[in-house]
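Participant: upload20.cif is reproduced below (mmCIF, C-alpha atoms).
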```cif
data_final
#
loop_
_atom_site.label_atom_id
_atom_site.label_comp_id
_atom_site.auth_asym_id
_atom_site.auth_seq_id
_atom_site.Cartn_x
_atom_site.Cartn_y
_atom_site.Cartn_z
CA MET D 1 -12.29 160.96 -186.56
CA SER D 2 -12.00 158.11 -184.04
CA GLU D 3 -14.29 155.06 -184.23
CA LYS D 4 -17.17 154.81 -181.76
CA LYS D 5 -16.53 152.14 -179.15
CA THR D 6 -19.23 149.54 -178.68
CA ALA D 7 -20.13 147.82 -175.46
CA PRO D 8 -19.52 144.08 -175.04
CA PHE D 9 -21.98 141.93 -177.05
CA GLY D 10 -23.03 145.04 -178.98
CA LEU D 11 -25.03 146.59 -176.08
CA SER D 12 -24.40 150.17 -175.12
CA LYS D 13 -24.39 151.28 -171.52
CA GLU D 14 -27.86 152.76 -172.01
CA ASP D 15 -29.14 149.54 -173.66
CA LYS D 16 -27.88 147.44 -170.77
CA LYS D 17 -29.49 149.79 -168.26
CA SER D 18 -32.83 149.59 -170.09
CA LEU D 19 -32.65 145.78 -170.34
CA LEU D 20 -31.92 145.40 -166.64
CA ALA D 21 -34.83 147.68 -165.77
CA ASN D 22 -37.18 145.56 -167.89
CA LEU D 23 -35.94 142.36 -166.29
CA ARG D 24 -36.43 143.79 -162.82
CA ALA D 25 -39.97 144.74 -163.74
CA ARG D 26 -40.70 141.22 -165.00
CA LYS D 27 -39.08 139.23 -162.19
CA LYS D 28 -38.39 140.09 -158.60
CA THR D 29 -37.26 137.71 -155.86
CA VAL D 30 -38.97 138.17 -152.52
CA LYS D 31 -39.08 136.21 -149.28
CA SER D 32 -42.12 134.10 -148.40
CA ASP D 33 -43.45 133.72 -144.85
CA ASP D 34 -41.22 130.69 -144.30
CA GLY D 35 -38.10 132.49 -145.56
CA GLN D 36 -37.95 130.81 -148.97
CA ASP D 37 -37.11 132.75 -152.14
CA VAL D 38 -40.20 133.29 -154.27
CA VAL D 39 -40.15 134.58 -157.85
CA ASN D 40 -42.78 137.27 -158.35
CA ALA D 41 -43.37 137.08 -162.11
CA VAL D 42 -45.45 139.54 -164.10
CA ILE D 43 -49.12 138.48 -163.87
CA PRO D 44 -50.95 138.72 -167.20
CA SER D 45 -54.17 140.72 -167.21
CA THR D 46 -56.12 137.61 -168.31
CA TYR D 47 -55.68 136.43 -164.71
CA TYR D 48 -57.36 139.39 -163.02
CA LYS D 49 -59.59 141.21 -165.53
CA PHE D 50 -62.98 139.60 -165.92
CA GLU D 51 -63.46 140.91 -169.46
CA GLU D 52 -60.28 139.07 -170.49
CA PHE D 53 -61.11 135.73 -168.88
CA PRO D 54 -61.18 133.02 -171.62
CA GLU D 55 -64.54 131.87 -170.29
CA TYR D 56 -66.01 135.34 -170.79
CA GLN D 57 -64.47 135.61 -174.24
CA LYS D 58 -66.14 132.32 -175.18
CA LEU D 59 -69.48 133.60 -173.90
CA HIS D 60 -69.03 136.80 -175.89
CA LEU D 61 -68.30 134.75 -179.03
CA HIS D 62 -71.64 132.93 -178.58
CA LYS D 63 -73.37 136.32 -178.46
CA VAL D 64 -71.64 137.41 -181.68
CA ILE D 65 -72.67 134.18 -183.43
CA ALA D 66 -76.28 134.67 -182.28
CA GLU D 67 -76.31 138.24 -183.57
CA LYS D 68 -74.97 137.16 -186.98
CA ALA D 69 -77.64 134.44 -187.12
CA LYS D 70 -80.20 137.16 -186.30
CA ILE D 71 -81.30 135.39 -183.12
CA GLU D 72 -82.72 137.64 -180.44
CA ASN D 73 -81.34 136.77 -177.01
CA PRO D 74 -83.85 134.22 -175.63
CA PHE D 75 -82.53 134.45 -172.07
CA PHE D 76 -83.46 136.76 -169.18
CA ARG D 77 -86.65 137.93 -170.89
CA LEU D 78 -88.58 140.25 -168.60
CA GLN D 79 -91.98 138.73 -167.82
CA GLU D 80 -95.08 140.18 -166.22
CA GLY D 81 -97.50 138.60 -163.78
CA ILE D 82 -97.68 135.02 -162.49
CA ALA D 83 -95.88 132.21 -164.29
CA ASN D 84 -98.77 130.22 -165.68
CA SER D 85 -100.03 128.71 -168.94
CA THR D 86 -99.76 132.11 -170.63
CA VAL D 87 -97.24 134.89 -170.19
CA THR D 88 -96.83 138.52 -171.22
CA ILE D 89 -93.37 139.60 -172.38
CA GLY D 90 -93.20 143.15 -173.62
CA ASN D 91 -96.06 143.54 -176.06
CA HIS D 92 -96.30 139.79 -176.66
CA SER D 93 -98.91 137.49 -175.14
CA LEU D 94 -97.70 133.90 -175.48
CA ILE D 95 -98.63 130.33 -174.61
CA ASN D 96 -96.10 129.58 -171.89
CA PHE D 97 -94.08 126.34 -171.84
CA ALA D 98 -91.12 127.81 -169.96
CA ASN D 99 -91.98 127.29 -166.30
CA TYR D 100 -92.58 124.39 -163.95
CA ASN D 101 -95.77 125.52 -162.26
CA TYR D 102 -96.96 121.99 -162.96
CA LEU D 103 -100.22 122.00 -161.03
CA GLY D 104 -101.01 125.69 -161.32
CA LEU D 105 -100.47 126.25 -157.58
CA ASN D 106 -98.28 129.33 -157.94
CA GLY D 107 -100.83 132.13 -157.55
CA HIS D 108 -103.52 129.84 -156.15
CA PRO D 109 -105.58 131.94 -153.68
CA GLU D 110 -105.05 129.52 -150.79
CA VAL D 111 -101.29 129.40 -151.39
CA SER D 112 -100.95 133.17 -151.67
CA GLN D 113 -103.04 133.72 -148.55
CA ALA D 114 -100.84 131.31 -146.60
CA ALA D 115 -97.77 133.33 -147.58
CA HIS D 116 -99.49 136.60 -146.53
CA ASP D 117 -100.47 135.12 -143.18
CA ALA D 118 -96.92 133.91 -142.55
CA ILE D 119 -95.56 137.41 -143.22
CA ASP D 120 -98.02 138.83 -140.70
CA GLU D 121 -96.95 136.30 -138.07
CA TYR D 122 -93.21 135.89 -138.72
CA GLY D 123 -92.12 138.65 -141.10
CA THR D 124 -90.21 137.96 -144.31
CA SER D 125 -87.16 136.27 -142.74
CA VAL D 126 -86.28 134.25 -139.64
CA SER D 127 -83.00 136.21 -139.56
CA ALA D 128 -80.83 133.34 -138.32
CA SER D 129 -79.81 129.78 -139.05
CA ARG D 130 -82.32 127.36 -137.61
CA ILE D 131 -79.79 125.63 -135.38
CA VAL D 132 -79.06 128.96 -133.66
CA ALA D 133 -82.25 131.03 -133.49
CA GLY D 134 -84.20 130.59 -136.73
CA GLU D 135 -86.44 127.63 -135.90
CA ARG D 136 -90.14 128.36 -136.49
CA LYS D 137 -93.31 126.29 -136.26
CA ILE D 138 -93.96 126.66 -140.01
CA HIS D 139 -90.69 124.83 -140.75
CA LEU D 140 -91.73 121.85 -138.67
CA GLU D 141 -95.21 121.75 -140.19
CA LEU D 142 -93.77 121.71 -143.71
CA GLU D 143 -91.28 118.98 -142.80
CA ARG D 144 -94.01 116.82 -141.25
CA LYS D 145 -96.08 117.19 -144.41
CA LEU D 146 -93.15 116.18 -146.62
CA ALA D 147 -92.49 113.14 -144.43
CA GLU D 148 -96.19 112.25 -144.77
CA VAL D 149 -96.04 112.58 -148.57
CA TYR D 150 -93.11 110.15 -148.76
CA ASP D 151 -94.27 107.94 -145.88
CA VAL D 152 -90.98 108.25 -144.00
CA ASP D 153 -89.96 109.34 -140.49
CA ASP D 154 -88.95 112.95 -141.00
CA ALA D 155 -87.72 115.64 -143.37
CA VAL D 156 -85.57 118.77 -143.39
CA VAL D 157 -85.98 121.81 -145.65
CA MET D 158 -83.14 124.02 -146.88
CA VAL D 159 -83.08 127.41 -148.57
CA SER D 160 -81.65 126.20 -151.91
CA GLY D 161 -82.61 123.17 -153.95
CA TYR D 162 -79.30 123.23 -155.80
CA ALA D 163 -77.31 123.49 -152.58
CA THR D 164 -79.30 120.63 -151.03
CA ASN D 165 -77.71 118.14 -153.40
CA LEU D 166 -74.27 119.68 -152.91
CA THR D 167 -74.33 119.71 -149.14
CA VAL D 168 -75.94 116.30 -148.64
CA ILE D 169 -73.90 114.31 -151.16
CA GLY D 170 -70.73 116.18 -150.28
CA ASN D 171 -71.27 115.65 -146.55
CA LEU D 172 -72.36 112.00 -146.43
CA LEU D 173 -69.60 110.33 -148.43
CA GLY D 174 -65.85 110.15 -147.83
CA SER D 175 -62.63 108.88 -149.35
CA LYS D 176 -63.42 105.22 -148.63
CA ASP D 177 -66.83 105.42 -150.34
CA LEU D 178 -68.30 105.13 -153.84
CA ILE D 179 -70.93 107.22 -155.67
CA LEU D 180 -72.68 105.91 -158.79
CA TYR D 181 -74.75 108.43 -160.75
CA ASP D 182 -76.75 108.45 -163.97
CA ASN D 183 -75.22 109.96 -167.11
CA PHE D 184 -78.15 112.43 -167.36
CA SER D 185 -77.87 113.66 -163.78
CA HIS D 186 -78.45 117.31 -162.96
CA ASN D 187 -75.44 119.58 -162.46
CA SER D 188 -76.18 119.86 -158.73
CA ILE D 189 -75.67 116.11 -158.40
CA LEU D 190 -72.41 116.23 -160.33
CA GLN D 191 -71.12 119.09 -158.21
CA GLY D 192 -72.13 117.25 -155.06
CA THR D 193 -70.15 114.18 -156.07
CA GLN D 194 -67.11 116.36 -156.78
CA LEU D 195 -67.44 118.06 -153.41
CA SER D 196 -67.31 114.64 -151.83
CA SER D 197 -63.95 112.90 -151.65
CA ALA D 198 -65.56 109.60 -152.68
CA LYS D 199 -64.73 107.63 -155.81
CA ARG D 200 -67.19 108.57 -158.58
CA ARG D 201 -68.51 106.37 -161.39
CA MET D 202 -71.11 107.28 -164.00
CA PHE D 203 -73.41 104.71 -165.58
CA PRO D 204 -75.30 105.05 -168.92
CA HIS D 205 -78.73 106.64 -168.65
CA ASN D 206 -81.25 104.28 -167.02
CA ASP D 207 -79.03 101.26 -167.84
CA MET D 208 -79.77 98.99 -164.90
CA ASN D 209 -77.73 96.11 -166.32
CA MET D 210 -74.60 98.27 -166.44
CA LEU D 211 -75.26 99.63 -162.95
CA ASP D 212 -75.62 96.09 -161.63
CA GLN D 213 -72.41 94.99 -163.38
CA ILE D 214 -70.39 97.90 -161.99
CA LEU D 215 -71.54 97.01 -158.50
CA LYS D 216 -70.66 93.35 -159.03
CA ASP D 217 -67.18 94.38 -160.12
CA ILE D 218 -66.20 97.01 -157.56
CA ARG D 219 -68.75 97.31 -154.73
CA HIS D 220 -66.58 95.21 -152.40
CA GLN D 221 -63.72 97.72 -152.67
CA TYR D 222 -65.60 100.46 -150.79
CA GLU D 223 -67.41 101.05 -147.53
CA ARG D 224 -70.53 103.14 -148.25
CA CYS D 225 -71.97 103.16 -151.74
CA LEU D 226 -74.53 105.74 -152.88
CA ILE D 227 -76.62 105.42 -156.06
CA VAL D 228 -78.07 108.77 -157.20
CA VAL D 229 -80.84 109.11 -159.80
CA GLU D 230 -83.62 111.55 -160.70
CA GLY D 231 -87.28 110.65 -160.38
CA VAL D 232 -87.99 112.57 -163.59
CA TYR D 233 -85.04 113.79 -165.64
CA SER D 234 -85.43 117.52 -166.12
CA MET D 235 -83.91 117.72 -169.60
CA ASP D 236 -85.54 114.62 -171.05
CA GLY D 237 -88.85 113.90 -169.32
CA ASP D 238 -88.34 110.21 -168.60
CA ALA D 239 -88.36 108.45 -165.23
CA ALA D 240 -85.75 106.37 -163.45
CA PRO D 241 -86.97 102.72 -163.05
CA LEU D 242 -87.29 102.93 -159.29
CA ASP D 243 -88.56 99.40 -158.73
CA LYS D 244 -85.44 97.96 -160.39
CA LEU D 245 -83.18 100.39 -158.58
CA VAL D 246 -84.54 99.32 -155.20
CA GLU D 247 -83.89 95.68 -156.03
CA ILE D 248 -80.31 96.47 -157.12
CA LYS D 249 -79.51 98.63 -154.11
CA LYS D 250 -80.79 95.96 -151.70
CA ARG D 251 -78.81 93.20 -153.37
CA HIS D 252 -75.56 95.17 -153.25
CA LYS D 253 -76.25 96.83 -149.88
CA CYS D 254 -76.12 100.40 -151.19
CA LEU D 255 -77.81 103.66 -150.27
CA LEU D 256 -80.29 105.00 -152.83
CA MET D 257 -80.95 108.73 -153.33
CA VAL D 258 -83.76 109.92 -155.60
CA ASP D 259 -83.93 113.54 -156.76
CA GLU D 260 -87.65 114.28 -156.95
CA ALA D 261 -87.37 117.89 -158.12
CA HIS D 262 -89.53 117.13 -161.18
CA GLY D 263 -91.25 114.05 -159.76
CA LEU D 264 -93.33 115.52 -156.94
CA GLY D 265 -96.79 116.41 -158.25
CA VAL D 266 -95.98 114.75 -161.57
CA LEU D 267 -95.76 111.02 -160.88
CA GLY D 268 -98.30 108.92 -159.02
CA ALA D 269 -102.08 109.11 -158.87
CA THR D 270 -101.97 111.64 -156.03
CA GLY D 271 -98.70 113.32 -157.06
CA ARG D 272 -96.57 111.71 -154.36
CA GLY D 273 -93.82 111.00 -156.87
CA SER D 274 -91.70 108.06 -157.99
CA GLY D 275 -92.53 105.79 -155.09
CA GLU D 276 -96.25 105.98 -155.76
CA HIS D 277 -95.72 105.65 -159.51
CA PHE D 278 -93.60 102.46 -159.24
CA GLY D 279 -95.30 100.94 -156.20
CA VAL D 280 -92.22 101.41 -154.00
CA THR D 281 -92.60 102.18 -150.30
CA GLY D 282 -91.07 105.34 -148.92
CA ARG D 283 -88.67 103.42 -146.71
CA ASP D 284 -87.29 101.46 -149.67
CA VAL D 285 -85.46 104.66 -150.67
CA ASP D 286 -82.82 105.90 -148.24
CA ILE D 287 -82.77 109.56 -149.30
CA TRP D 288 -85.66 111.40 -150.94
CA MET D 289 -84.50 114.76 -152.23
CA GLY D 290 -86.57 117.41 -153.95
CA THR D 291 -87.10 121.09 -154.56
CA LEU D 292 -89.97 123.33 -153.53
CA SER D 293 -89.85 125.55 -156.62
CA LYS D 294 -91.86 123.33 -158.96
CA THR D 295 -95.17 121.82 -157.85
CA SER D 296 -94.81 123.37 -154.38
CA ALA D 297 -94.84 127.00 -155.59
CA GLY D 298 -91.98 128.08 -153.35
CA CYS D 299 -88.21 127.88 -153.30
CA GLY D 300 -85.57 125.73 -151.63
CA GLY D 301 -84.91 122.03 -151.22
CA TYR D 302 -85.72 119.16 -148.89
CA ILE D 303 -84.50 115.76 -147.77
CA ALA D 304 -86.92 113.13 -146.47
CA GLY D 305 -85.95 109.85 -144.86
CA SER D 306 -85.21 108.12 -141.58
CA ASN D 307 -84.97 109.86 -138.21
CA ALA D 308 -81.25 109.09 -138.08
CA LEU D 309 -80.59 110.66 -141.49
CA ILE D 310 -82.52 113.85 -140.76
CA GLU D 311 -81.05 114.32 -137.30
CA TYR D 312 -77.54 113.86 -138.66
CA LEU D 313 -78.08 116.37 -141.49
CA LYS D 314 -79.57 118.98 -139.14
CA PHE D 315 -76.36 118.96 -137.11
CA SER D 316 -73.79 118.37 -139.85
CA ALA D 317 -74.83 119.48 -143.36
CA PRO D 318 -73.02 122.79 -144.01
CA GLY D 319 -75.78 124.02 -146.33
CA PHE D 320 -78.23 123.75 -143.43
CA VAL D 321 -76.13 124.53 -140.35
CA TYR D 322 -74.44 127.61 -141.82
CA SER D 323 -77.38 129.00 -143.76
CA VAL D 324 -80.35 131.08 -142.72
CA GLY D 325 -83.62 129.25 -142.17
CA MET D 326 -86.20 129.16 -144.95
CA PRO D 327 -88.26 132.41 -145.14
CA PRO D 328 -91.65 131.82 -143.47
CA PRO D 329 -93.80 132.95 -146.44
CA VAL D 330 -91.95 130.50 -148.70
CA ALA D 331 -92.40 127.63 -146.25
CA ALA D 332 -96.08 128.51 -145.82
CA ALA D 333 -96.67 128.63 -149.58
CA ALA D 334 -95.01 125.24 -150.04
CA LEU D 335 -97.07 123.71 -147.25
CA ALA D 336 -100.31 125.09 -148.65
CA SER D 337 -99.40 123.80 -152.12
CA LEU D 338 -98.89 120.28 -150.80
CA ASN D 339 -102.25 120.42 -149.04
CA VAL D 340 -104.04 121.50 -152.22
CA MET D 341 -102.22 118.83 -154.26
CA LEU D 342 -103.28 116.04 -151.89
CA ARG D 343 -106.83 117.36 -151.70
CA GLU D 344 -107.32 117.79 -155.45
CA PRO D 345 -105.94 114.76 -157.35
CA GLU D 346 -107.91 115.94 -160.40
CA ARG D 347 -105.11 118.45 -160.95
CA ILE D 348 -102.62 115.62 -161.42
CA LYS D 349 -104.95 113.84 -163.85
CA ARG D 350 -105.47 117.02 -165.87
CA PHE D 351 -101.74 117.59 -165.91
CA ARG D 352 -101.02 114.04 -167.05
CA ASP D 353 -103.65 114.22 -169.79
CA ASN D 354 -102.02 117.41 -171.11
CA ALA D 355 -98.52 115.91 -171.06
CA ASN D 356 -99.69 112.75 -172.82
CA LEU D 357 -101.50 114.83 -175.46
CA PHE D 358 -98.45 116.96 -176.14
CA ILE D 359 -96.01 114.08 -176.60
CA ARG D 360 -98.49 112.10 -178.73
CA LEU D 361 -99.07 115.04 -181.07
CA ALA D 362 -95.35 115.84 -181.22
CA LYS D 363 -94.49 112.30 -182.23
CA GLU D 364 -97.28 112.23 -184.81
CA ALA D 365 -95.85 115.45 -186.25
CA GLY D 366 -92.45 113.79 -186.67
CA LEU D 367 -90.74 115.92 -184.04
CA ASN D 368 -87.85 114.32 -182.17
CA THR D 369 -88.89 113.95 -178.51
CA GLY D 370 -85.87 111.84 -177.52
CA VAL D 371 -86.45 109.46 -174.62
CA SER D 372 -89.24 111.54 -173.08
CA GLN D 373 -92.14 109.61 -171.59
CA GLY D 374 -94.24 112.75 -171.26
CA HIS D 375 -93.53 113.23 -167.56
CA ALA D 376 -93.72 117.01 -167.16
CA VAL D 377 -91.02 117.71 -169.75
CA VAL D 378 -91.03 117.13 -173.49
CA PRO D 379 -87.88 118.12 -175.40
CA ILE D 380 -87.91 118.78 -179.12
CA ILE D 381 -84.36 117.84 -180.07
CA ILE D 382 -82.86 119.93 -182.86
CA GLY D 383 -79.20 118.88 -182.71
CA ASN D 384 -77.74 122.32 -183.39
CA SER D 385 -77.52 125.23 -180.97
CA VAL D 386 -77.93 127.95 -183.61
CA LYS D 387 -80.97 126.31 -185.17
CA ALA D 388 -82.47 125.69 -181.73
CA GLY D 389 -82.11 129.41 -181.03
CA GLN D 390 -83.63 130.31 -184.39
CA LEU D 391 -86.58 127.98 -183.86
CA SER D 392 -87.24 129.40 -180.40
CA SER D 393 -87.14 132.93 -181.82
CA ARG D 394 -89.61 132.08 -184.59
CA LEU D 395 -91.95 130.41 -182.13
CA PHE D 396 -91.77 133.49 -179.92
CA ASP D 397 -92.92 135.61 -182.86
CA ALA D 398 -95.70 133.06 -183.45
CA GLY D 399 -96.94 133.30 -179.86
CA VAL D 400 -95.31 130.24 -178.25
CA TYR D 401 -92.71 130.62 -175.51
CA ALA D 402 -90.22 127.74 -175.33
CA PRO D 403 -86.60 128.82 -174.75
CA PRO D 404 -83.75 126.77 -176.22
CA ILE D 405 -81.40 124.55 -174.24
CA ILE D 406 -78.03 124.72 -175.95
CA TYR D 407 -74.39 123.77 -175.47
CA PRO D 408 -72.82 123.57 -172.89
CA ALA D 409 -76.02 122.86 -170.89
CA VAL D 410 -76.43 119.83 -173.20
CA PRO D 411 -74.10 118.34 -175.82
CA GLU D 412 -74.23 120.20 -179.15
CA GLU D 413 -75.87 117.24 -180.88
CA SER D 414 -78.62 117.34 -178.23
CA ALA D 415 -79.49 121.05 -178.48
CA ARG D 416 -83.23 121.38 -178.05
CA LEU D 417 -86.32 123.29 -177.13
CA ARG D 418 -87.78 122.17 -173.83
CA PHE D 419 -91.54 122.28 -173.19
CA PHE D 420 -92.82 122.20 -169.60
CA LEU D 421 -96.45 121.09 -169.35
CA SER D 422 -99.03 122.27 -166.83
CA SER D 423 -102.46 121.28 -165.60
CA GLU D 424 -103.54 124.77 -166.63
CA HIS D 425 -102.80 124.39 -170.35
CA THR D 426 -105.86 123.78 -172.51
CA PRO D 427 -105.92 121.07 -175.21
CA ASP D 428 -106.28 123.82 -177.82
CA GLN D 429 -103.14 125.56 -176.56
CA ILE D 430 -101.23 122.30 -176.79
CA ARG D 431 -102.44 121.59 -180.32
CA GLU D 432 -101.54 125.11 -181.41
CA ALA D 433 -98.06 124.87 -179.90
CA VAL D 434 -97.24 121.55 -181.55
CA GLN D 435 -98.60 122.69 -184.92
CA LYS D 436 -96.60 125.93 -184.88
CA THR D 437 -93.45 124.10 -183.76
CA LYS D 438 -93.72 121.74 -186.71
CA GLU D 439 -94.44 124.56 -189.18
CA CYS D 440 -91.56 126.72 -187.97
CA TRP D 441 -89.14 123.81 -187.90
CA ASP D 442 -90.09 122.66 -191.38
CA LYS D 443 -89.48 126.18 -192.74
CA LEU D 444 -86.18 126.44 -190.92
CA LYS D 445 -84.95 123.13 -192.31
CA SER D 446 -85.90 123.94 -195.91
#
```
Here is a file; write its structure as structure tokens.
Facilitator:
Amino acid sequence: MSEKKTAPFGLSKEDKKSLLANLRARKKTVKSDDGQDVVNAVIPSTYYKFEEFPEYQKLHLHKVIAEKAKIENPFFRLQEGIANSTVTIGNHSLINFANYNYLGLNGHPEVSQAAHDAIDEYGTSVSASRIVAGERKIHLELERKLAEVYDVDDAVVMVSGYATNLTVIGNLLGSKDLILYDNFSHNSILQGTQLSSAKRRMFPHNDMNMLDQILKDIRHQYERCLIVVEGVYSMDGDAAPLDKLVEIKKRHKCLLMVDEAHGLGVLGATGRGSGEHFGVTGRDVDIWMGTLSKTSAGCGGYIAGSNALIEYLKFSAPGFVYSVGMPPPVAAAALASLNVMLREPERIKRFRDNANLFIRLAKEAGLNTGVSQGHAVVPIIIGNSVKAGQLSSRLFDAGVYAPPIIYPAVPEESARLRFFLSSEHTPDQIREAVQKTKECWDKLKS
């Protein structure tokens, strides 16, 4: 019987055919539009299947960890009724510290009626960008009121608060410019600086000495320089020292932008924000930014400042030029809210009394409130995402609604529960919430 012949290198004809077929499936050379050879490699499914994206897998892992820790998902809870000092979720009635209806104007009869009237007059949408065909009288009235609040020339409102920071910061600065922003800045500010082609530098939270030193060292290397801070920091409840910032920006010939999302209605005797609180004139700040979803009981963002700034943004900011105009009922609700706020300063006093009571009791109870000064927001810092979730779940069962803020929204060591205060909370509700938070946390630690 003759020996079976083997193919060179030990591969049979069939093996070679199979190998070549596999190679052809894995790599194919094709011509690009410019005539160059392009290798078309096999694309792994992790590049085009959402369920296999590493980011989704990481999110799924967090869900598994929460389930093993017996933490009910604290996010996307279905609520009933108006966001106010109490809330109904399922069969639970809870004291609500999870919304920023700071002055109780969401659901106020005058505010709701203004929205109804605007629907009757304009419908629910202006159905166009304002620069094209969406301009309405209610927009101009709201912008005049915002300019009055900040004592500046003019204002412009946009349909998204988040996008306001992106489009303004990203549009104003270029490759020859510098942006300096606080370490605790909101994500919308960070994304806006990245959208810009300017050089970006972060300075430690509220560290005016470091900010001043950075400007001494490098300000001369750039043309425009923008300093961006928040009037009230939404995660921590402390205020940017606006009086010192104005002095620094003038000395170094910079532009100053203040994000007043959580400052309007919160700071100042009449709720006009950081400027009123620190005794700074409206024109001392180059760019006042804010959102209409907190005190103003609406949605969207605004910029207030000089005539030149507002005119430029109305013709150049992509988030304004290429976006539909603000819905009339939203603009009307925001305008009515501002009118009530200015007419009833007792709301601001009641709100401030509640916030001061909460932070005082929390500190007396030994709870870690971080750097909060009791401006609208009081965090209870836990330092562990799982335990923050567990504490929130136990408080929910005890009748207090305060969702956790966990990594990556904050660093893991800063995981927390965040309490938003309101003028509509009663002192008894605040005392009950602090007492139950301490009791639940003590049990969880033991």
Participant: List as an MDAnalysis selection string the protein and nucleic acid residues near D:Lys176, meaning an atom at most 10 Å away when all atoms listed in the file are counted, but skip any in the same chain fewer than 3 places from it.
Facilitator: chainID D and resid 173 197:199 221:225
Participant: Quick one: pull the distance between atom CA of D:Ser234 and atom CA of D:Val377, Å, one decimal.
Facilitator: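 Computed distance, atom CA of D:Ser234 to atom CA of D:Val377, equals 6.7 Å.
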Participant: Find the nearest atom pair between each residue of stretch 82-192 of chain D and stretch 275-285 of chain D for residues within 10 Å, count all atoms listed in the file, give distances in Å to one decimal, sort rows by chain and ascending number, and present the table as a tab-separated table.
Facilitator:
```
residue	atom	partner	partner_atom	distance
D:Ala147	CA	D:Gly282	CA	9.1
D:Glu148	CA	D:Gly282	CA	9.5
D:Val149	CA	D:Gly282	CA	8.8
D:Tyr150	CA	D:Gly282	CA	5.2
D:Asp151	CA	D:Gly282	CA	5.1
D:Val152	CA	D:Gly282	CA	5.7
D:Asp153	CA	D:Arg283	CA	8.7
```
Participant: Let me know the residues the PyMOL selection byres ((chain D and resi 358-368) around 9) catches in the file above, as a list in words.
Facilitator: Asp353, Asn354, Ala355, Asn356, Leu357, Thr369, Gly370, Ser372, Gln373, Gly374, Val378, Pro379, Ile380, Ile381, Ile382, Leu421, Pro427, Ile430, Arg431, Ala433, Val434, Gln435, Thr437, Lys438 and Trp441 of chain D
Participant: Could those residues be written to a file, using C-alpha atoms, as an mmCIF file, in the coordinates of the input?
Facilitator:
```
data_model
loop_
_atom_site.group_PDB
_atom_site.id
_atom_site.type_symbol
_atom_site.label_atom_id
_atom_site.label_comp_id
_atom_site.auth_asym_id
_atom_site.auth_seq_id
_atom_site.Cartn_x
_atom_site.Cartn_y
_atom_site.Cartn_z
ATOM 1 C CA ASP D 353 -103.650 114.220 -169.790
ATOM 2 C CA ASN D 354 -102.020 117.410 -171.110
ATOM 3 C CA ALA D 355 -98.520 115.910 -171.060
ATOM 4 C CA ASN D 356 -99.690 112.750 -172.820
ATOM 5 C CA LEU D 357 -101.500 114.830 -175.460
ATOM 6 C CA THR D 369 -88.890 113.950 -178.510
ATOM 7 C CA GLY D 370 -85.870 111.840 -177.520
ATOM 8 C CA SER D 372 -89.240 111.540 -173.080
ATOM 9 C CA GLN D 373 -92.140 109.610 -171.590
ATOM 10 C CA GLY D 374 -94.240 112.750 -171.260
ATOM 11 C CA VAL D 378 -91.030 117.130 -173.490
ATOM 12 C CA PRO D 379 -87.880 118.120 -175.400
ATOM 13 C CA ILE D 380 -87.910 118.780 -179.120
ATOM 14 C CA ILE D 381 -84.360 117.840 -180.070
ATOM 15 C CA ILE D 382 -82.860 119.930 -182.860
ATOM 16 C CA LEU D 421 -96.450 121.090 -169.350
ATOM 17 C CA PRO D 427 -105.920 121.070 -175.210
ATOM 18 C CA ILE D 430 -101.230 122.300 -176.790
ATOM 19 C CA ARG D 431 -102.440 121.590 -180.320
ATOM 20 C CA ALA D 433 -98.060 124.870 -179.900
ATOM 21 C CA VAL D 434 -97.240 121.550 -181.550
ATOM 22 C CA GLN D 435 -98.600 122.690 -184.920
ATOM 23 C CA THR D 437 -93.450 124.100 -183.760
ATOM 24 C CA LYS D 438 -93.720 121.740 -186.710
ATOM 25 C CA TRP D 441 -89.140 123.810 -187.900
#
```
Participant: Which residue is closest to D:Leu264? Choose from D:Tyr401, D:Tyr102, D:Tyr47, D:Phe419 and count only C-alpha atoms.
Facilitator: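 Looking only at the distances to D:Leu264, the closest residue turns out to be D:Tyr102.
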Participant: Of the residues D:Phe396, D:Ile214, D:Val258, D:Leu391, which is the one nearest to D:Asp442, using only C-alpha atoms?
Facilitator: D:Leu391
Participant: Can you measure atom CA of D:Val159 to atom CA of D:Gly123 for me? One decimal in Å is fine.
Facilitator: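 Computing the Euclidean distance for atom CA of D:Val159 and atom CA of D:Gly123 yields 16.2 Å.
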Participant: Tell me, in Å to one decimal, how far atom CA of D:Asn84 is from atom CA of D:Leu417.
Facilitator: 18.3 Å
Participant: What's the 8 Å shell around D:Asp182, counting only C-alpha atoms, without same-chain residues fewer than 2 positions away, as a VMD selection string?
Facilitator: chain D and resid 180 184 to 185 202 to 206 228 to 229
Participant: Quick one: residues within 9 Å of D:Met257, only C-alpha atoms, excluding same-chain residues fewer than 5 positions away - as a short mmCIF file (atom, residue, chain, number, x, y, z; two decimals) with C-alpha atoms, in the frame of the given file?
Facilitator:
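What ended up in selection-v1.cif:
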```
data_model
loop_
_atom_site.label_atom_id
_atom_site.label_comp_id
_atom_site.auth_asym_id
_atom_site.auth_seq_id
_atom_site.Cartn_x
_atom_site.Cartn_y
_atom_site.Cartn_z
CA LEU D 226 -74.53 105.74 -152.88
CA ILE D 227 -76.62 105.42 -156.06
CA VAL D 228 -78.07 108.77 -157.20
CA VAL D 229 -80.84 109.11 -159.80
CA GLU D 230 -83.62 111.55 -160.70
CA VAL D 285 -85.46 104.66 -150.67
CA ASP D 286 -82.82 105.90 -148.24
CA ILE D 287 -82.77 109.56 -149.30
CA TRP D 288 -85.66 111.40 -150.94
CA MET D 289 -84.50 114.76 -152.23
#
```
